[in-house]
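Peer 1: Handing you this structure, nothing more for now.
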Amino acid sequence: MATKYLDRAIPRISLADFDNRIDGITSELVTAAENVGFFCLVDHGIPPATVETMFDNSARFFSQDDSIKAKVPFSPQNNAGWEKNAQIRPSTGAPDRKESYQMQFGAGMEGRWLPESDIPGFKDVALDFMNSCQAVSEKLMICFARGLGFEDDYFIKAHDVSKPDSQTVARLLHYFATPETTSGEIYHRAGAHTDWDFVTMLFQKAGQSGLEICPGREVSTQFGYGDTWTKVEPDAESNSIICNIGDLLMSWSDDRFKSTFHRVKAPCEAGDFYGERYSIAYFNQPLKSAEIQGPLGKYPMVTGAEFTRNAMQRNFRAVLEKTMKMQGLHGGEVEEKVPSVQAAPITVS
Ligand SMILES: O=C(O)CCC(=O)C(=O)O
Ligand SMILES: [Fe+2]
């Protein structure tokens, strides 16, 4: 069946002259967050060369033999490391056909950098890029704090990447080229999902299309799958960053800001992109010790560690429900099968 598409405007927001224009930028960001949940950031201060260098670094990482990458396997407890064809989304119940590598600043990354001798210079380039992303994120955090009536540095403190319990993640993604078959097999790239972080910054490469969004979600505690999509084309020429609100900010704003469903489409129709795709996502995650509650107190206060655990378990339960349904089993059996996070399949964001 043909995908239903709808043109929705993705607001384009400039961070130029940030200090002098902060009120105007805040109001643009708040409007975008309250409506489509996605926006395109320009004049953000990360030079194009920094992004290109990181994409080159990413390609260098993924071109290593699997036996090398397997030295730093994905750890669900730490939400860091490398996985291949292992992430299952509740929307599809099937693994994404991709590999990804998640990096962090804090203790969660211990033992999950490849040795310098395998990939010289990789870590320095990655940390430099991550610090650049953090600087932009902190500007967004000031604006969202103002928009919600918190002190300017409220969200910055809760996402302090210099603390060992930082959970912020930079994720390199590599989707494999897929055959233009009509055999009925579906090559999921990133099945529909919301991110469970505060705000995500996504870097795409020119020509490597596939990102689509589906707005309409009202509360952060619900899954919901719409079927009318809007394409978000890469705009690498203007060095833009696609940003989206995650479940954490949705809940921290008492559901005022929207964490919008999105996917990288499983290519299947004329005009779809079947080639290899690289992207980079920067997920702002709270400190494990951060205390999270919106200004209206709609949801009980939770720590950053609890929020992450709840998100993983909720996702895991949904994956299990979906896969059991696909196998003709019943929901009642799900509860007893929900294990600790340690045993969960990879369900991040
Ligand atoms: O690869 C992309 O463009 C999107 C990836 C994504 O949505 C995610 O990893 O959460
Ligand atoms: Fe995502």
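Residue numbering restarts at 1 in every chain; chains get A, B, ... in the order shown in the structure tokens, and ligands count up from 1 in that same order.
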Hey, which bits of segment 186-294 of chain A sit within 10 Å of segment 115-133 of chain A, and for each residue what's the closest pair of atoms and how far apart in Å (one decimal), counting only C-alpha atoms, rows by chain and increasing number, as a Markdown table?
Peer 2:
```
| residue | atom | partner | partner_atom | distance |
| --- | --- | --- | --- | --- |
| A:Met201 | CA | A:Cys133 | CA | 7.8 |
| A:Ala281 | CA | A:Cys133 | CA | 9.8 |
| A:Tyr282 | CA | A:Cys133 | CA | 7.1 |
| A:Phe283 | CA | A:Cys133 | CA | 9.6 |
| A:Asn284 | CA | A:Cys133 | CA | 9.4 |
```
Peer 1: Print the selection's residues with N, CA and C atoms to a file, as a PDB file, in the first residue's frame.
Peer 2:
```
ATOM      1  N   MET A 201      19.807  15.984  18.366  1.00  0.00           N
ATOM      2  CA  MET A 201      20.321  16.727  17.209  1.00  0.00           C
ATOM      3  C   MET A 201      20.786  15.697  16.186  1.00  0.00           C
ATOM      4  N   ALA A 281      23.481  10.997  15.486  1.00  0.00           N
ATOM      5  CA  ALA A 281      22.486  11.575  16.400  1.00  0.00           C
ATOM      6  C   ALA A 281      23.158  11.895  17.729  1.00  0.00           C
ATOM      7  N   TYR A 282      22.822  13.041  18.260  1.00  0.00           N
ATOM      8  CA  TYR A 282      23.344  13.432  19.581  1.00  0.00           C
ATOM      9  C   TYR A 282      22.152  13.509  20.524  1.00  0.00           C
ATOM     10  N   PHE A 283      22.114  12.580  21.485  1.00  0.00           N
ATOM     11  CA  PHE A 283      20.964  12.494  22.402  1.00  0.00           C
ATOM     12  C   PHE A 283      21.325  13.131  23.745  1.00  0.00           C
ATOM     13  N   ASN A 284      20.681  14.217  24.071  1.00  0.00           N
ATOM     14  CA  ASN A 284      20.906  14.826  25.391  1.00  0.00           C
ATOM     15  C   ASN A 284      20.138  14.034  26.437  1.00  0.00           C
TER      16      ASN A 284
END
```
Peer 1: When the cut-off is 7 Å and you count only C-alpha atoms and all ligand atoms, which residues lie near ligand 2, shown as a compact mmCIF listing (two decimals) with N, CA and C atoms, in the first residue's frame?
Peer 2:
```
# COMPACT_ATOMS: atom_id res chain seq x y z
N HIS A 193 9.56 5.38 15.89
CA HIS A 193 9.83 5.46 17.33
C HIS A 193 9.84 6.91 17.76
N THR A 194 9.81 7.13 19.07
CA THR A 194 10.19 8.44 19.59
C THR A 194 11.53 8.26 20.28
N ASP A 195 12.26 9.34 20.45
CA ASP A 195 13.51 9.28 21.21
C ASP A 195 13.13 9.51 22.68
N HIS A 262 9.04 9.27 14.55
CA HIS A 262 9.82 9.41 13.32
C HIS A 262 10.44 8.06 12.98
N ARG A 263 10.93 7.97 11.78
CA ARG A 263 11.54 6.70 11.32
C ARG A 263 12.51 7.01 10.20
N SER A 349 16.13 4.68 22.29
CA SER A 349 15.55 5.71 21.42
C SER A 349 14.90 5.15 20.17
```
Peer 1: Name the closest residue to ligand 1 among the candidates A:Lys71, A:Arg171, A:Arg21, A:Arg8; distances are taken between atoms, counting only C-alpha atoms and all ligand atoms.
Peer 2: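 Smallest distance to ligand 1 is found for A:Arg171.
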Peer 1: Could you check which of A:Thr26, A:Thr168, A:Asn35, A:Ser220 is closest to Trp252 of chain A, using only C-alpha atoms?
Peer 2: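 Among the listed residues, the smallest separation from Trp252 of chain A belongs to A:Ser220.
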Peer 1: For Ile68 of chain A, find every residue with an atom within 10 Å (counting only C-alpha atoms), except residues of its own chain fewer than 4 positions away, and show them as a list in words.
Peer 2: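 Non-adjacent residues within range: Phe61, Phe62, Ser63, Gln64, Val72, Pro73, Leu114, Pro115, Asp118 and Ile119 of chain A.
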Peer 1: Near Gly294 of chain A, counting only C-alpha atoms, which residues have an atom at most 10 Å away, once you skip same-chain residues fewer than 6 positions from it, shown as a PyMOL selection string?
Peer 2: chain A and resi 148+150+249-256+300-301
Peer 1: Among the residues of segment 27-72 of chain A, find those DSSP assigns to strand (DSSP E or B) from the backbone and print them as a list in words.
Peer 2: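 For segment 27-72 of chain A, the strand (DSSP E or B) set is Phe38, Phe39, Cys40, Leu41 and Val42 of chain A.
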Peer 1: Grab the residues selected above and save them as a compact mmCIF listing (two decimals), in the first residue's frame with C-alpha atoms.
Peer 2:
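Listing of part-v3.txt after writing:
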```txt
# COMPACT_ATOMS: atom_id res chain seq x y z
CA PHE A 38 10.87 18.98 15.02
CA PHE A 39 12.90 21.95 13.81
CA CYS A 40 15.85 22.63 11.58
CA LEU A 41 18.68 24.55 13.22
CA VAL A 42 20.97 26.82 11.18
```
